[in-house]
$ cat final.cif   # mmCIF, C-alpha atoms
data_entry
loop_
_atom_site.label_atom_id
_atom_site.label_comp_id
_atom_site.auth_asym_id
_atom_site.auth_seq_id
_atom_site.Cartn_x
_atom_site.Cartn_y
_atom_site.Cartn_z
CA MET Z 1 -2.52 -12.42 -17.28
CA GLU Z 2 -5.22 -11.62 -14.76
CA SER Z 3 -5.36 -8.10 -13.35
CA ASP Z 4 -4.98 -7.43 -9.63
CA SER Z 5 -8.67 -6.57 -9.30
CA GLN Z 6 -9.69 -9.89 -10.87
CA LEU Z 7 -7.38 -11.76 -8.52
CA VAL Z 8 -8.65 -9.78 -5.54
CA ALA Z 9 -12.27 -10.56 -6.48
CA ARG Z 10 -11.42 -14.27 -6.65
CA ALA Z 11 -9.50 -14.12 -3.36
CA GLN Z 12 -12.52 -12.42 -1.76
CA ARG Z 13 -14.56 -15.50 -2.72
CA GLY Z 14 -12.01 -17.66 -0.86
CA ASP Z 15 -9.97 -18.75 -3.90
CA GLN Z 16 -6.54 -19.56 -2.43
CA PRO Z 17 -4.62 -19.92 -5.75
CA ALA Z 18 -5.68 -16.33 -6.55
CA PHE Z 19 -4.32 -15.16 -3.23
CA ALA Z 20 -1.12 -17.17 -3.87
CA GLU Z 21 -0.72 -15.31 -7.18
CA LEU Z 22 -1.04 -11.97 -5.36
CA VAL Z 23 1.64 -13.18 -2.94
CA ARG Z 24 3.89 -14.07 -5.90
CA ARG Z 25 3.36 -10.61 -7.42
CA TYR Z 26 3.84 -8.52 -4.31
CA SER Z 27 6.14 -10.39 -1.90
CA ALA Z 28 9.39 -9.10 -3.43
CA PRO Z 29 8.46 -5.38 -3.63
CA MET Z 30 6.86 -5.54 -0.18
CA PHE Z 31 10.02 -7.05 1.25
CA ARG Z 32 12.12 -4.36 -0.45
CA LEU Z 33 9.92 -1.68 1.06
CA ALA Z 34 10.13 -3.26 4.53
CA VAL Z 35 13.94 -3.57 4.27
CA SER Z 36 14.19 0.04 3.11
CA ILE Z 37 12.42 1.16 6.27
CA LEU Z 38 14.07 -1.19 8.75
CA GLY Z 39 17.57 -0.95 7.27
CA ARG Z 40 20.01 -3.72 6.54
CA GLU Z 41 20.51 -4.55 10.23
CA PHE Z 42 17.01 -5.98 10.51
CA ILE Z 43 16.50 -8.17 7.45
CA PRO Z 44 14.85 -11.11 9.31
CA GLU Z 45 12.37 -8.60 10.77
CA ALA Z 46 11.59 -7.34 7.26
CA GLU Z 47 10.71 -10.91 6.29
CA ASP Z 48 8.41 -11.10 9.33
CA VAL Z 49 6.78 -7.84 8.21
CA ALA Z 50 6.11 -9.27 4.73
CA GLN Z 51 4.55 -12.40 6.24
CA GLU Z 52 2.50 -10.49 8.81
CA VAL Z 53 1.19 -8.07 6.17
CA PHE Z 54 0.05 -10.90 3.89
CA LEU Z 55 -1.76 -12.58 6.81
CA LYS Z 56 -3.43 -9.26 7.65
CA VAL Z 57 -4.38 -8.73 4.01
CA HIS Z 58 -5.81 -12.25 3.82
CA ARG Z 59 -7.96 -11.61 6.89
CA ALA Z 60 -9.09 -8.18 5.65
CA ILE Z 61 -9.38 -8.83 1.91
CA GLU Z 62 -13.17 -9.03 2.09
CA SER Z 63 -13.25 -5.44 3.31
CA PHE Z 64 -11.13 -4.20 0.36
CA ARG Z 65 -13.53 -2.24 -1.84
CA GLY Z 66 -11.22 -1.38 -4.68
CA GLU Z 67 -11.42 2.38 -4.11
CA ALA Z 68 -7.61 2.49 -4.31
CA GLU Z 69 -5.23 0.24 -6.23
CA PHE Z 70 -4.56 -3.05 -4.44
CA SER Z 71 -0.81 -2.32 -4.66
CA SER Z 72 -1.19 1.06 -2.92
CA TRP Z 73 -3.28 -0.56 -0.20
CA ILE Z 74 -0.76 -3.35 0.45
CA TYR Z 75 2.24 -0.99 0.34
CA ARG Z 76 0.56 1.37 2.79
CA ILE Z 77 -0.04 -1.50 5.24
CA THR Z 78 3.59 -2.64 4.79
CA PHE Z 79 4.91 0.86 5.42
CA ASN Z 80 2.90 1.26 8.63
CA GLN Z 81 3.74 -2.24 9.87
CA ALA Z 82 7.47 -1.72 9.25
CA VAL Z 83 7.50 1.72 10.90
CA ASN Z 84 5.71 0.29 13.96
CA LEU Z 85 8.14 -2.61 14.15
CA LYS Z 86 11.09 -0.25 13.77
CA ALA Z 87 9.95 1.70 16.81
CA ARG Z 88 9.98 -1.58 18.78
CA VAL Z 89 13.32 -2.97 17.55
CA ARG Z 90 15.19 0.34 17.68
CA PHE Z 91 16.86 -0.47 20.99
CA ARG Z 92 17.62 -4.10 20.14
CA SER Z 93 21.13 -4.91 18.91
CA PRO Z 94 21.16 -5.35 15.14
CA HIS Z 95 21.81 -8.70 13.43
CA GLU Z 96 24.35 -7.11 11.12
CA ASP Z 97 26.45 -4.01 11.47
CA GLU Z 98 25.74 -1.69 8.55
CA THR Z 99 29.38 -0.79 8.04
CA ALA Z 100 30.43 -4.47 8.09
CA LEU Z 101 28.47 -4.95 4.90
CA ASP Z 102 30.09 -1.89 3.36
CA ARG Z 103 33.52 -3.31 4.10
CA ALA Z 104 32.55 -6.55 2.44
CA VAL Z 105 32.08 -4.86 -0.93
CA SER Z 106 34.56 -1.99 -0.79
CA PRO Z 107 37.87 -2.21 -2.62
CA GLU Z 108 41.02 -2.10 -0.46
CA PRO Z 109 42.66 1.38 -0.48
CA ALA Z 110 45.57 2.41 1.79
CA PRO Z 111 44.95 1.83 5.55
CA ASP Z 112 44.71 5.58 6.44
CA ARG Z 113 42.32 6.28 3.63
CA GLN Z 114 40.38 3.16 4.53
CA PHE Z 115 39.98 4.32 8.12
CA GLU Z 116 38.80 7.79 7.03
CA THR Z 117 36.35 6.27 4.58
CA ALA Z 118 35.01 3.89 7.22
CA GLN Z 119 34.55 6.77 9.69
CA ARG Z 120 32.75 8.88 7.12
CA ASP Z 121 30.56 5.95 6.10
CA ARG Z 122 29.65 5.36 9.73
CA ALA Z 123 28.82 9.06 10.15
CA LEU Z 124 26.75 8.97 6.98
CA ALA Z 125 24.83 5.90 8.21
CA GLU Z 126 24.15 7.69 11.51
CA CYS Z 127 22.96 10.82 9.68
CA ILE Z 128 20.65 8.74 7.48
CA ARG Z 129 19.07 7.21 10.59
CA THR Z 130 18.11 10.69 11.83
CA LEU Z 131 16.17 11.55 8.64
CA PRO Z 132 12.37 11.23 8.43
CA GLU Z 133 11.23 7.67 7.60
CA VAL Z 134 10.16 8.46 4.04
CA TYR Z 135 13.53 10.03 3.23
CA GLN Z 136 15.42 7.05 4.69
CA SER Z 137 13.25 4.64 2.77
CA ALA Z 138 13.62 6.60 -0.49
CA LEU Z 139 17.42 6.74 -0.08
CA ARG Z 140 17.80 3.02 0.64
CA LEU Z 141 15.53 2.06 -2.24
CA TYR Z 142 17.30 4.35 -4.70
CA TYR Z 143 20.95 4.02 -3.68
CA TRP Z 144 21.13 0.58 -2.11
CA MET Z 145 18.49 -1.40 -3.94
CA ASP Z 146 18.93 0.41 -7.22
CA ALA Z 147 15.22 1.19 -7.58
CA GLY Z 148 14.23 3.82 -10.12
CA VAL Z 149 12.34 6.96 -9.08
CA GLY Z 150 9.15 5.36 -10.44
CA GLU Z 151 9.51 2.35 -8.17
CA VAL Z 152 10.35 4.53 -5.16
CA ALA Z 153 7.22 6.58 -5.85
CA ALA Z 154 5.02 3.48 -6.23
CA LEU Z 155 6.29 1.86 -3.05
CA LEU Z 156 5.90 5.03 -1.00
CA GLY Z 157 2.53 5.80 -2.57
CA VAL Z 158 3.49 9.28 -3.80
CA PRO Z 159 3.78 10.93 -7.23
CA GLU Z 160 7.19 10.67 -8.96
CA ASN Z 161 7.91 14.38 -8.42
CA THR Z 162 7.39 13.94 -4.69
CA ALA Z 163 9.78 10.97 -4.66
CA LYS Z 164 12.34 13.10 -6.53
CA SER Z 165 11.94 15.90 -4.00
CA TYR Z 166 12.34 13.40 -1.10
CA LEU Z 167 15.67 12.31 -2.59
CA HIS Z 168 16.78 15.87 -3.29
CA ARG Z 169 15.86 17.07 0.19
CA ALA Z 170 17.50 14.02 1.81
CA ARG Z 171 20.74 14.69 -0.11
CA GLN Z 172 20.68 18.35 0.96
CA LEU Z 173 20.13 17.43 4.60
CA LEU Z 174 22.87 14.79 4.55
CA HIS Z 175 25.33 17.19 2.93
CA GLY Z 176 24.62 19.73 5.67
CA MET Z 177 24.92 17.15 8.46
CA LEU Z 178 28.20 15.72 7.15
CA THR Z 179 29.71 19.18 6.70
CA GLU Z 180 28.65 20.06 10.24
CA ARG Z 181 30.48 16.96 11.50
CA GLY Z 182 33.60 17.97 9.61
CA TYR Z 183 33.43 15.48 6.73
CA SER Z 184 33.75 16.41 3.08
CA CYS Z 185 31.60 14.72 0.45
CA ASP Z 186 34.42 14.38 -2.10
CA MET O 1 21.97 18.04 -10.60
CA GLU O 2 23.87 20.76 -8.70
CA PRO O 3 27.60 20.07 -8.01
CA ARG O 4 26.90 19.76 -4.28
CA ASP O 5 24.09 17.31 -5.02
CA ALA O 6 26.32 15.36 -7.40
CA LYS O 7 29.03 14.96 -4.73
CA ILE O 8 26.67 13.56 -2.12
CA ASP O 9 25.03 11.45 -4.84
CA ARG O 10 28.39 9.80 -5.61
CA LEU O 11 29.14 9.35 -1.92
CA LEU O 12 25.77 7.72 -1.29
CA ARG O 13 26.18 5.39 -4.26
CA ARG O 14 29.57 4.26 -3.03
CA SER O 15 28.76 4.12 0.66
CA MET O 16 25.43 2.33 0.33
CA ALA O 17 26.64 -0.27 -2.15
CA ALA O 18 26.02 -3.65 -0.54
CA PRO O 19 24.40 -6.95 -1.49
CA VAL O 20 20.64 -6.55 -1.77
CA PRO O 21 18.77 -9.13 0.34
CA SER O 22 15.92 -11.19 -1.03
CA LEU O 23 13.23 -13.37 0.46
CA PRO O 24 14.10 -17.04 1.01
CA PRO O 25 12.87 -19.26 -1.86
CA ASP O 26 10.42 -21.12 0.40
CA PHE O 27 8.79 -17.90 1.66
CA GLU O 28 5.68 -18.29 -0.47
CA GLN O 29 5.15 -21.94 0.54
CA ARG O 30 5.56 -21.14 4.24
CA LEU O 31 3.22 -18.18 3.95
CA MET O 32 0.51 -20.13 2.11
CA ARG O 33 0.73 -22.89 4.74
CA GLU O 34 0.20 -20.23 7.41
CA VAL O 35 -2.69 -18.70 5.44
CA ARG O 36 -4.42 -22.10 5.13
CA ARG O 37 -3.87 -22.79 8.82
CA SER O 38 -5.27 -19.40 9.89
CA SER O 39 -8.32 -19.70 7.64
CA GLU O 40 -9.32 -23.15 8.89
CA PRO O 41 -12.39 -23.15 11.13
CA LEU O 42 -11.87 -24.11 14.77
CA ASP O 43 -11.16 -27.78 15.31
CA ARG O 44 -13.29 -29.92 17.65
CA TYR O 45 -11.13 -29.14 20.68
CA GLY O 46 -11.25 -25.38 19.98
CA ARG O 47 -15.04 -25.44 19.65
CA ILE O 48 -15.47 -27.32 22.96
CA LEU O 49 -13.11 -24.87 24.69
CA LEU O 50 -14.94 -21.81 23.29
CA THR O 51 -18.39 -23.18 24.15
CA GLY O 52 -17.24 -24.06 27.68
CA TYR O 53 -15.82 -20.58 28.15
CA GLY O 54 -19.05 -18.99 26.91
CA LEU O 55 -21.26 -21.10 29.17
CA ILE O 56 -19.13 -20.52 32.27
CA SER O 57 -19.08 -16.75 31.70
CA VAL O 58 -22.87 -16.62 31.15
CA VAL O 59 -23.57 -18.63 34.32
CA THR O 60 -21.06 -16.58 36.36
CA SER O 61 -22.57 -13.29 35.12
CA ALA O 62 -26.09 -14.50 35.89
CA VAL O 63 -25.13 -15.61 39.43
CA VAL O 64 -23.32 -12.32 40.14
CA MET O 65 -26.20 -10.20 38.80
CA ARG O 66 -28.73 -12.26 40.76
CA GLY O 67 -26.56 -11.76 43.88
CA GLN O 68 -26.87 -7.99 43.26
CA GLY O 69 -30.65 -8.32 43.47
CA LEU O 70 -31.60 -8.12 39.76
CA ASP O 71 -34.63 -10.13 38.68
CA TRP O 72 -34.27 -12.93 36.11
CA ARG O 73 -35.97 -10.94 33.31
CA ALA O 74 -33.40 -8.12 33.55
CA ILE O 75 -30.58 -10.67 33.71
CA ALA O 76 -31.90 -12.40 30.56
CA VAL O 77 -32.15 -9.06 28.70
CA MET O 78 -28.61 -8.10 29.69
CA ILE O 79 -27.16 -11.42 28.56
CA LEU O 80 -29.22 -12.04 25.45
CA GLY O 81 -29.37 -8.38 24.28
CA PRO O 82 -25.68 -8.09 23.32
CA LEU O 83 -25.76 -11.57 21.74
CA ALA O 84 -28.75 -10.57 19.59
CA LEU O 85 -27.00 -7.32 18.64
CA VAL O 86 -23.87 -9.20 17.51
CA ALA O 87 -26.02 -11.64 15.48
CA ILE O 88 -27.95 -8.77 13.80
CA VAL O 89 -24.80 -6.79 12.94
CA THR O 90 -23.04 -9.90 11.56
CA ARG O 91 -26.03 -10.76 9.39
CA ALA O 92 -26.41 -7.16 8.18
CA ARG O 93 -22.72 -7.00 7.21
CA ARG O 94 -22.97 -10.30 5.35
CA VAL O 95 -26.04 -9.07 3.43
CA ALA O 96 -24.35 -5.72 2.61
CA ARG O 97 -21.23 -7.51 1.36
CA THR O 98 -23.22 -9.85 -0.86
CA THR O 99 -25.23 -6.92 -2.28
CA MET O 100 -22.03 -4.96 -3.00
CA ARG O 101 -20.43 -7.93 -4.73
CA HIS O 102 -23.53 -8.46 -6.90
CA SER O 103 -23.73 -4.79 -7.84
CA ALA O 104 -20.00 -4.78 -8.69
CA ARG O 105 -20.41 -7.59 -11.24
#
$ encode --input "final.cif" --output "structure tokens"
Amino acid sequence: MESDSQLVARAQRGDQPAFAELVRRYSAPMFRLAVSILGREFIPEAEDVAQEVFLKVHRAIESFRGEAEFSSWIYRITFNQAVNLKARVRFRSPHEDETALDRAVSPEPAPDRQFETAQRDRALAECIRTLPEVYQSALRLYYWMDAGVGEVAALLGVPENTAKSYLHRARQLLHGMLTERGYSCD
Amino acid sequence: MEPRDAKIDRLLRRSMAAPVPSLPPDFEQRLMREVRRSSEPLDRYGRILLTGYGLISVVTSAVVMRGQGLDWRAIAVMILGPLALVAIVTRARRVARTTMRHSAR
């Protein structure tokens, strides 16, 4: 299998199959990263981010000098593109309510308990949205998309220990916020 | 993991459990179509439009500058100078890129 740098060198010479191979390798993780930043309410926008980033990369690939890994470069562009888009779509109504998806997979406890759980889940989702972008992204990748710490670190372009500390700090902050709002974490 | 951390960990796992989205199967095909379209050189119509725009702007600039009392030599320098600069920079970048690629091999 060809390495990324070999594929990039071929793509820089205008070889479209090489670029297509890079798309095959990176479209799924890029999409996961974009979704982790935008949240589950804006999945079509995450797809747009993935497409826009690849078009940008195609236009700029000649200027890529290989000083960093190609993956880090492409993830960095995706992160920035998704954060910029998030700032624009923040006030638009979401395609999907985050709690509606939770309900779709949750088992059916007693109605009272169900109501409490739904309220706490809504509060938790609100608290998550107030966290710094990297914490939100790390949480969604780890807890929703089942990514390992290694993948979280690679997608966010940080060492594994930093990814671990993002998750730890995010959990601490969320615990504090939920307690402040009168919810228990049990 | 501390007990407090473990509690919120369990809560997050339960609360964030939801189907994970994925890209549509035709994403790659659509993207590559878009890539090919964006990397095609301008078609005949695009070239005529761009040339027409360039000519009209050069003539308009020349007429306006002449109306301000500039002589034709100064007008020529002001119009051709930036064009020459763009041509030189483009060529220099192309040469630098080729040299870098050769030295990388």
$ resolve_selection --input "final.cif" --expression "the PyMOL selection byres ((chain Z and resi 135-149) around 9)" --output "MDAnalysis selection string"
(chainID Z and resid 32:39 128:134 150:154 156 160:161 163:164 166:167 169:171) or (chainID O and resid 9 12:21)
$ closest_atom_pairs --input "final.cif" --of "chain O" --to "chain Z" --cutoff "12 Å" --atoms "only C-alpha atoms" --output "Markdown table"
| residue | atom | partner | partner_atom | distance |
| --- | --- | --- | --- | --- |
| O:Met1 | CA | Z:His168 | CA | 9.2 |
| O:Glu2 | CA | Z:His168 | CA | 10.2 |
| O:Pro3 | CA | Z:Asp186 | CA | 10.7 |
| O:Arg4 | CA | Z:His175 | CA | 7.8 |
| O:Asp5 | CA | Z:Arg171 | CA | 6.5 |
| O:Ala6 | CA | Z:Arg171 | CA | 9.2 |
| O:Lys7 | CA | Z:Cys185 | CA | 5.8 |
| O:Ile8 | CA | Z:Cys185 | CA | 5.7 |
| O:Asp9 | CA | Z:Arg171 | CA | 7.2 |
| O:Arg10 | CA | Z:Asp186 | CA | 8.3 |
| O:Leu11 | CA | Z:Cys185 | CA | 6.4 |
| O:Leu12 | CA | Z:Tyr143 | CA | 6.5 |
| O:Arg13 | CA | Z:Tyr143 | CA | 5.4 |
| O:Arg14 | CA | Z:Ser106 | CA | 8.3 |
| O:Ser15 | CA | Z:Asp121 | CA | 6.0 |
| O:Met16 | CA | Z:Trp144 | CA | 5.2 |
| O:Ala17 | CA | Z:Trp144 | CA | 5.6 |
| O:Ala18 | CA | Z:Asp102 | CA | 5.9 |
| O:Pro19 | CA | Z:Leu101 | CA | 7.8 |
| O:Val20 | CA | Z:Met145 | CA | 6.0 |
| O:Pro21 | CA | Z:Ile43 | CA | 7.5 |
| O:Ser22 | CA | Z:Ala28 | CA | 7.3 |
| O:Leu23 | CA | Z:Glu47 | CA | 6.8 |
| O:Pro24 | CA | Z:Glu47 | CA | 8.8 |
| O:Pro25 | CA | Z:Ala28 | CA | 10.9 |
| O:Asp26 | CA | Z:Arg24 | CA | 11.5 |
| O:Phe27 | CA | Z:Gln51 | CA | 8.3 |
| O:Glu28 | CA | Z:Val23 | CA | 7.0 |
| O:Gln29 | CA | Z:Ala20 | CA | 9.0 |
| O:Arg30 | CA | Z:Gln51 | CA | 9.0 |
| O:Leu31 | CA | Z:Gln51 | CA | 6.4 |
| O:Met32 | CA | Z:Ala20 | CA | 6.9 |
| O:Arg33 | CA | Z:Ala20 | CA | 10.5 |
| O:Glu34 | CA | Z:Leu55 | CA | 7.9 |
| O:Val35 | CA | Z:Leu55 | CA | 6.3 |
| O:Arg36 | CA | Z:Gln16 | CA | 8.3 |
| O:Arg37 | CA | Z:Leu55 | CA | 10.6 |
| O:Ser38 | CA | Z:Leu55 | CA | 8.3 |
| O:Ser39 | CA | Z:Arg59 | CA | 8.1 |
| O:Glu40 | CA | Z:Gly14 | CA | 11.5 |
| O:Arg93 | CA | Z:Ser63 | CA | 10.4 |
| O:Arg94 | CA | Z:Glu62 | CA | 10.4 |
| O:Ala96 | CA | Z:Ser63 | CA | 11.1 |
| O:Arg97 | CA | Z:Glu62 | CA | 8.2 |
| O:Thr98 | CA | Z:Glu62 | CA | 10.5 |
| O:Met100 | CA | Z:Arg65 | CA | 9.0 |
| O:Arg101 | CA | Z:Ala9 | CA | 8.8 |
| O:His102 | CA | Z:Ala9 | CA | 11.5 |
| O:Ala104 | CA | Z:Arg65 | CA | 9.8 |
| O:Arg105 | CA | Z:Ala9 | CA | 9.9 |
$ resolve_selection --input "final.cif" --expression "the PyMOL selection byres ((chain Z and resi 84) around 12)" --output "PyMOL selection string"
chain Z and resi 34+37-38+45-46+49+77-83+85-90+133
$ axis_aligned_box --input "final.cif" --around "stretch 70-77 of chain O" --padding-each-side "6 Å" --output "JSON"
{"center_x": -33.3, "center_y": -10.5, "center_z": 34.2, "size_x": 17.4, "size_y": 16.8, "size_z": 23.1}
$ atom_distance --input "final.cif" --atom1 "atom CA of Z:Asp4" --atom2 "atom CA of Z:Ala60"
15.8 Å
$ atom_distance --input "final.cif" --atom1 "atom CA of Z:Ser72" --atom2 "atom CA of Z:Tyr26"
10.9 Å
$ decode --input "final.cif" --residues "stretch 46-79 of chain Z" --atoms "N, CA and C atoms" --output "compact mmCIF listing (two decimals), in the first residue's frame"
# COMPACT_ATOMS: atom_id res chain seq x y z
N ALA Z 46 -22.01 18.78 8.24
CA ALA Z 46 -20.73 18.08 8.41
C ALA Z 46 -20.29 17.46 7.09
N GLU Z 47 -21.26 16.96 6.33
CA GLU Z 47 -20.95 16.41 5.00
C GLU Z 47 -20.43 17.52 4.09
N ASP Z 48 -21.07 18.69 4.17
CA ASP Z 48 -20.60 19.84 3.37
C ASP Z 48 -19.17 20.21 3.75
N VAL Z 49 -18.89 20.15 5.07
CA VAL Z 49 -17.53 20.48 5.53
C VAL Z 49 -16.53 19.52 4.90
N ALA Z 50 -16.85 18.22 4.93
CA ALA Z 50 -15.93 17.22 4.37
C ALA Z 50 -15.68 17.51 2.89
N GLN Z 51 -16.76 17.82 2.15
CA GLN Z 51 -16.59 18.10 0.72
C GLN Z 51 -15.76 19.37 0.50
N GLU Z 52 -16.11 20.41 1.25
CA GLU Z 52 -15.42 21.70 1.08
C GLU Z 52 -13.93 21.56 1.40
N VAL Z 53 -13.62 20.80 2.46
CA VAL Z 53 -12.21 20.63 2.84
C VAL Z 53 -11.44 19.90 1.74
N PHE Z 54 -12.04 18.85 1.17
CA PHE Z 54 -11.34 18.13 0.10
C PHE Z 54 -11.11 19.04 -1.11
N LEU Z 55 -12.09 19.89 -1.43
CA LEU Z 55 -11.90 20.80 -2.57
C LEU Z 55 -10.78 21.80 -2.27
N LYS Z 56 -10.75 22.28 -1.02
CA LYS Z 56 -9.68 23.20 -0.61
C LYS Z 56 -8.33 22.52 -0.71
N VAL Z 57 -8.28 21.27 -0.19
CA VAL Z 57 -7.03 20.52 -0.19
C VAL Z 57 -6.56 20.28 -1.63
N HIS Z 58 -7.51 19.98 -2.51
CA HIS Z 58 -7.16 19.75 -3.91
C HIS Z 58 -6.56 21.00 -4.53
N ARG Z 59 -7.15 22.15 -4.20
CA ARG Z 59 -6.63 23.41 -4.76
C ARG Z 59 -5.26 23.75 -4.18
N ALA Z 60 -5.05 23.37 -2.89
CA ALA Z 60 -3.83 23.82 -2.20
C ALA Z 60 -2.76 22.73 -2.11
N ILE Z 61 -3.02 21.57 -2.70
CA ILE Z 61 -2.11 20.44 -2.47
C ILE Z 61 -0.69 20.73 -2.98
N GLU Z 62 -0.59 21.58 -3.99
CA GLU Z 62 0.75 21.90 -4.51
C GLU Z 62 1.58 22.64 -3.46
N SER Z 63 0.88 23.37 -2.58
CA SER Z 63 1.63 24.14 -1.58
C SER Z 63 1.97 23.30 -0.34
N PHE Z 64 1.49 22.05 -0.29
CA PHE Z 64 1.79 21.19 0.86
C PHE Z 64 3.24 20.70 0.75
N ARG Z 65 4.05 21.06 1.75
CA ARG Z 65 5.49 20.75 1.65
C ARG Z 65 5.91 19.53 2.45
N GLY Z 66 4.97 18.92 3.11
CA GLY Z 66 5.30 17.70 3.85
C GLY Z 66 6.04 17.96 5.15
N GLU Z 67 5.97 19.20 5.66
CA GLU Z 67 6.65 19.48 6.94
C GLU Z 67 5.89 18.80 8.09
N ALA Z 68 4.57 18.72 7.94
CA ALA Z 68 3.75 17.97 8.92
C ALA Z 68 3.16 16.77 8.19
N GLU Z 69 2.56 15.85 8.96
CA GLU Z 69 1.88 14.71 8.35
C GLU Z 69 0.70 15.24 7.53
N PHE Z 70 0.39 14.58 6.43
CA PHE Z 70 -0.75 14.99 5.62
C PHE Z 70 -2.04 14.91 6.45
N SER Z 71 -2.14 13.85 7.28
CA SER Z 71 -3.36 13.68 8.10
C SER Z 71 -3.54 14.86 9.06
N SER Z 72 -2.43 15.31 9.70
CA SER Z 72 -2.56 16.43 10.64
C SER Z 72 -3.03 17.67 9.90
N TRP Z 73 -2.45 17.87 8.71
CA TRP Z 73 -2.79 19.04 7.90
C TRP Z 73 -4.29 19.04 7.59
N ILE Z 74 -4.78 17.92 7.09
CA ILE Z 74 -6.17 17.82 6.64
C ILE Z 74 -7.14 17.90 7.85
N TYR Z 75 -6.73 17.34 8.99
CA TYR Z 75 -7.60 17.40 10.16
C TYR Z 75 -7.66 18.83 10.71
N ARG Z 76 -6.54 19.52 10.63
CA ARG Z 76 -6.50 20.90 11.10
C ARG Z 76 -7.45 21.76 10.26
N ILE Z 77 -7.39 21.58 8.93
CA ILE Z 77 -8.28 22.35 8.04
C ILE Z 77 -9.74 22.01 8.36
N THR Z 78 -10.02 20.72 8.57
CA THR Z 78 -11.40 20.29 8.87
C THR Z 78 -11.88 20.94 10.17
N PHE Z 79 -11.01 20.92 11.18
CA PHE Z 79 -11.38 21.49 12.47
C PHE Z 79 -11.76 22.97 12.31
